[in-house]
Amino acid sequence: MQDQKRIVARLSRIEGQVRGIKQMAQNGDYCIDILTQISAANSALRSVALLLLDDHLSHCVKQASAQGDQVADEKLQEASAAIARLVKS
């Protein structure tokens, strides 16, 4: 994975965001402020998911399509299923 360091760094920041949200809830912070932070964390996770999807398409699917046949079909089906899951979330 080409962007692995960048993705891991983003996930670490998201992990910190989630710990912050937990702390806000424990402190009894204003609900709207907590919801705002949850929304930001969700957006950050979607951004990472899109990076991963782009990486999968750019490398795995592209490489499989060069091989052709069943491998290409499997990778395309994986990508399609991943996109469907992202759209539902």
# chains A, B, ... in the order shown; residues from 1 in each chain; ligands from 1
call {"tool": "residues_around", "arguments": {"residues": "segment 1-17 of chain A", "least_positions_apart": "5", "cutoff": "9 Å", "atoms": "only C-alpha atoms", "output": "list of chain:residue names"}}
result
A:Lys22, A:Gln37, A:Ile38, A:Ala40, A:Ala41, A:Asn42, A:Ala44, A:Leu45, A:Val48, A:Leu51, A:Leu52, A:Asp55, A:His56, A:His59
call {"tool": "residues_around", "arguments": {"residues": "Ala64 of chain A", "least_positions_apart": "5", "cutoff": "9 Å", "atoms": "only C-alpha atoms", "output": "list in words"}}
result
His59, Asp69, Gln70, Val71, Ala72, Asp73, Glu74, Lys75 and Leu76 of chain A
call {"tool": "write_last_selection", "arguments": {"atoms": "all heavy atoms", "output": "CSV table (one decimal), in the first residue's frame"}}
result
chain,number,residue,atom,x,y,z
A,59,HIS,N,-4.0,0.1,-7.5
A,59,HIS,CA,-3.0,-1.0,-7.5
A,59,HIS,C,-3.6,-2.4,-7.7
A,59,HIS,O,-3.3,-3.0,-8.7
A,59,HIS,CB,-2.2,-0.9,-6.2
A,59,HIS,CG,-1.5,0.4,-6.1
A,59,HIS,ND1,-2.0,1.4,-5.3
A,59,HIS,CD2,-0.3,0.8,-6.6
A,59,HIS,CE1,-1.2,2.5,-5.4
A,59,HIS,NE2,-0.2,2.1,-6.2
A,69,ASP,N,-9.1,-12.4,-16.8
A,69,ASP,CA,-9.9,-13.5,-16.4
A,69,ASP,C,-10.5,-13.4,-15.0
A,69,ASP,O,-11.0,-12.3,-14.6
A,69,ASP,CB,-9.1,-14.8,-16.5
A,69,ASP,CG,-8.7,-15.1,-17.9
A,69,ASP,OD1,-9.4,-14.7,-18.8
A,69,ASP,OD2,-7.6,-15.8,-18.1
A,70,GLN,N,-10.5,-14.5,-14.3
A,70,GLN,CA,-11.2,-14.5,-13.0
A,70,GLN,C,-10.6,-13.6,-11.9
A,70,GLN,O,-11.4,-13.0,-11.1
A,70,GLN,CB,-11.2,-16.0,-12.5
A,70,GLN,CG,-12.0,-16.2,-11.2
A,70,GLN,CD,-12.1,-17.6,-10.8
A,70,GLN,OE1,-11.6,-18.5,-11.5
A,70,GLN,NE2,-12.6,-17.9,-9.6
A,71,VAL,N,-9.3,-13.4,-11.9
A,71,VAL,CA,-8.7,-12.5,-10.9
A,71,VAL,C,-9.3,-11.1,-11.1
A,71,VAL,O,-9.6,-10.5,-10.1
A,71,VAL,CB,-7.2,-12.5,-11.1
A,71,VAL,CG1,-6.5,-11.5,-10.1
A,71,VAL,CG2,-6.6,-13.9,-10.8
A,72,ALA,N,-9.4,-10.6,-12.3
A,72,ALA,CA,-9.9,-9.3,-12.5
A,72,ALA,C,-11.3,-9.2,-12.1
A,72,ALA,O,-11.7,-8.2,-11.4
A,72,ALA,CB,-9.8,-8.9,-14.0
A,73,ASP,N,-12.1,-10.2,-12.4
A,73,ASP,CA,-13.5,-10.2,-12.0
A,73,ASP,C,-13.6,-10.1,-10.4
A,73,ASP,O,-14.5,-9.4,-9.9
A,73,ASP,CB,-14.2,-11.4,-12.5
A,73,ASP,CG,-14.5,-11.3,-14.0
A,73,ASP,OD1,-14.4,-10.2,-14.6
A,73,ASP,OD2,-14.7,-12.4,-14.6
A,74,GLU,N,-12.8,-10.9,-9.8
A,74,GLU,CA,-12.9,-11.0,-8.3
A,74,GLU,C,-12.5,-9.6,-7.7
A,74,GLU,O,-13.2,-9.1,-6.8
A,74,GLU,CB,-11.9,-12.0,-7.8
A,74,GLU,CG,-12.4,-13.5,-8.0
A,74,GLU,CD,-11.3,-14.5,-7.6
A,74,GLU,OE1,-10.3,-14.1,-7.1
A,74,GLU,OE2,-11.6,-15.7,-7.9
A,75,LYS,N,-11.5,-9.0,-8.2
A,75,LYS,CA,-11.1,-7.7,-7.7
A,75,LYS,C,-12.1,-6.6,-7.9
A,75,LYS,O,-12.4,-5.7,-7.1
A,75,LYS,CB,-9.7,-7.2,-8.2
A,75,LYS,CG,-8.6,-8.1,-7.8
A,75,LYS,CD,-8.4,-8.0,-6.3
A,75,LYS,CE,-7.3,-8.9,-5.8
A,75,LYS,NZ,-7.1,-8.9,-4.4
A,76,LEU,N,-12.7,-6.7,-9.1
A,76,LEU,CA,-13.8,-5.7,-9.4
A,76,LEU,C,-15.0,-5.9,-8.5
A,76,LEU,O,-15.6,-4.9,-8.0
A,76,LEU,CB,-14.2,-5.8,-10.9
A,76,LEU,CG,-13.2,-5.2,-11.9
A,76,LEU,CD1,-13.6,-5.6,-13.3
A,76,LEU,CD2,-13.1,-3.7,-11.7
call {"tool": "select_by_dssp", "arguments": {"residues": "chain A", "states": "alpha helix (DSSP H)", "output": "JSON, numbers by chain"}}
result
{"A": [4, 5, 6, 7, 8, 9, 10, 11, 12, 13, 14, 15, 16, 17, 18, 19, 20, 21, 22, 23, 24, 25, 26, 27, 31, 32, 33, 34, 35, 36, 37, 38, 39, 40, 41, 42, 43, 44, 45, 46, 47, 48, 49, 50, 51, 52, 53, 54, 55, 62, 63, 64, 65, 66, 67, 69, 70, 71, 72, 73, 74, 75, 76, 77, 78, 79, 80, 81, 82, 83, 84, 85, 86, 87, 88]}
call {"tool": "write_last_selection", "arguments": {"atoms": "C-alpha atoms", "output": "CSV table (one decimal), in the first residue's frame"}}
result
chain,number,residue,atom,x,y,z
A,4,GLN,CA,0.3,3.4,4.3
A,5,LYS,CA,2.2,5.9,6.5
A,6,ARG,CA,-0.3,8.6,5.7
A,7,ILE,CA,-3.3,6.4,6.4
A,8,VAL,CA,-1.8,5.2,9.7
A,9,ALA,CA,-1.1,8.8,10.7
A,10,ARG,CA,-4.7,9.8,9.9
A,11,LEU,CA,-6.0,6.8,11.9
A,12,SER,CA,-3.9,7.8,14.9
A,13,ARG,CA,-5.4,11.3,14.7
A,14,ILE,CA,-8.9,9.8,14.5
A,15,GLU,CA,-8.1,7.6,17.5
A,16,GLY,CA,-7.1,10.8,19.4
A,17,GLN,CA,-10.4,12.4,18.3
A,18,VAL,CA,-12.4,9.4,19.6
A,19,ARG,CA,-10.6,9.5,23.0
A,20,GLY,CA,-11.4,13.2,23.1
A,21,ILE,CA,-15.1,12.5,22.4
A,22,LYS,CA,-15.1,9.9,25.2
A,23,GLN,CA,-13.5,12.4,27.6
A,24,MET,CA,-16.2,15.0,26.6
A,25,ALA,CA,-18.9,12.5,27.4
A,26,GLN,CA,-17.3,11.6,30.7
A,27,ASN,CA,-17.1,15.3,31.6
A,31,CYS,CA,-24.4,17.2,23.7
A,32,ILE,CA,-24.2,19.4,20.6
A,33,ASP,CA,-20.5,19.8,21.1
A,34,ILE,CA,-20.1,16.0,21.4
A,35,LEU,CA,-22.2,15.4,18.3
A,36,THR,CA,-20.1,18.0,16.4
A,37,GLN,CA,-16.9,16.0,17.3
A,38,ILE,CA,-18.6,12.7,16.3
A,39,SER,CA,-19.5,14.2,12.9
A,40,ALA,CA,-15.8,15.3,12.4
A,41,ALA,CA,-14.5,11.8,13.3
A,42,ASN,CA,-17.0,10.2,10.9
A,43,SER,CA,-15.8,12.5,8.2
A,44,ALA,CA,-12.2,11.7,8.9
A,45,LEU,CA,-13.0,8.0,8.8
A,46,ARG,CA,-14.8,8.4,5.4
A,47,SER,CA,-11.7,10.2,4.1
A,48,VAL,CA,-9.4,7.4,5.1
A,49,ALA,CA,-11.9,4.9,3.5
A,50,LEU,CA,-11.7,6.8,0.3
A,51,LEU,CA,-7.9,6.8,0.3
A,52,LEU,CA,-8.0,3.0,0.9
A,53,LEU,CA,-10.5,2.5,-1.9
A,54,ASP,CA,-8.4,4.7,-4.3
A,55,ASP,CA,-5.3,2.7,-3.4
A,62,LYS,CA,-5.3,-2.3,-12.0
A,63,GLN,CA,-2.9,-5.2,-11.6
A,64,ALA,CA,-5.6,-7.8,-11.6
A,65,SER,CA,-7.1,-6.3,-14.8
A,66,ALA,CA,-3.7,-6.7,-16.5
A,67,GLN,CA,-3.8,-10.4,-15.5
A,69,ASP,CA,-9.9,-13.5,-16.4
A,70,GLN,CA,-11.2,-14.5,-13.0
A,71,VAL,CA,-8.7,-12.5,-10.9
A,72,ALA,CA,-9.9,-9.3,-12.5
A,73,ASP,CA,-13.5,-10.2,-12.0
A,74,GLU,CA,-12.9,-11.0,-8.3
A,75,LYS,CA,-11.1,-7.7,-7.7
A,76,LEU,CA,-13.8,-5.7,-9.4
A,77,GLN,CA,-16.4,-7.5,-7.3
A,78,GLU,CA,-14.5,-6.7,-4.1
A,79,ALA,CA,-14.3,-3.0,-5.1
A,80,SER,CA,-17.9,-2.9,-6.0
A,81,ALA,CA,-18.9,-4.4,-2.6
A,82,ALA,CA,-16.6,-2.0,-0.8
A,83,ILE,CA,-18.2,1.0,-2.5
A,84,ALA,CA,-21.7,-0.3,-1.7
A,85,ARG,CA,-20.7,-0.6,2.0
A,86,LEU,CA,-19.3,3.0,2.0
A,87,VAL,CA,-22.4,4.3,0.4
A,88,LYS,CA,-24.6,2.6,3.0
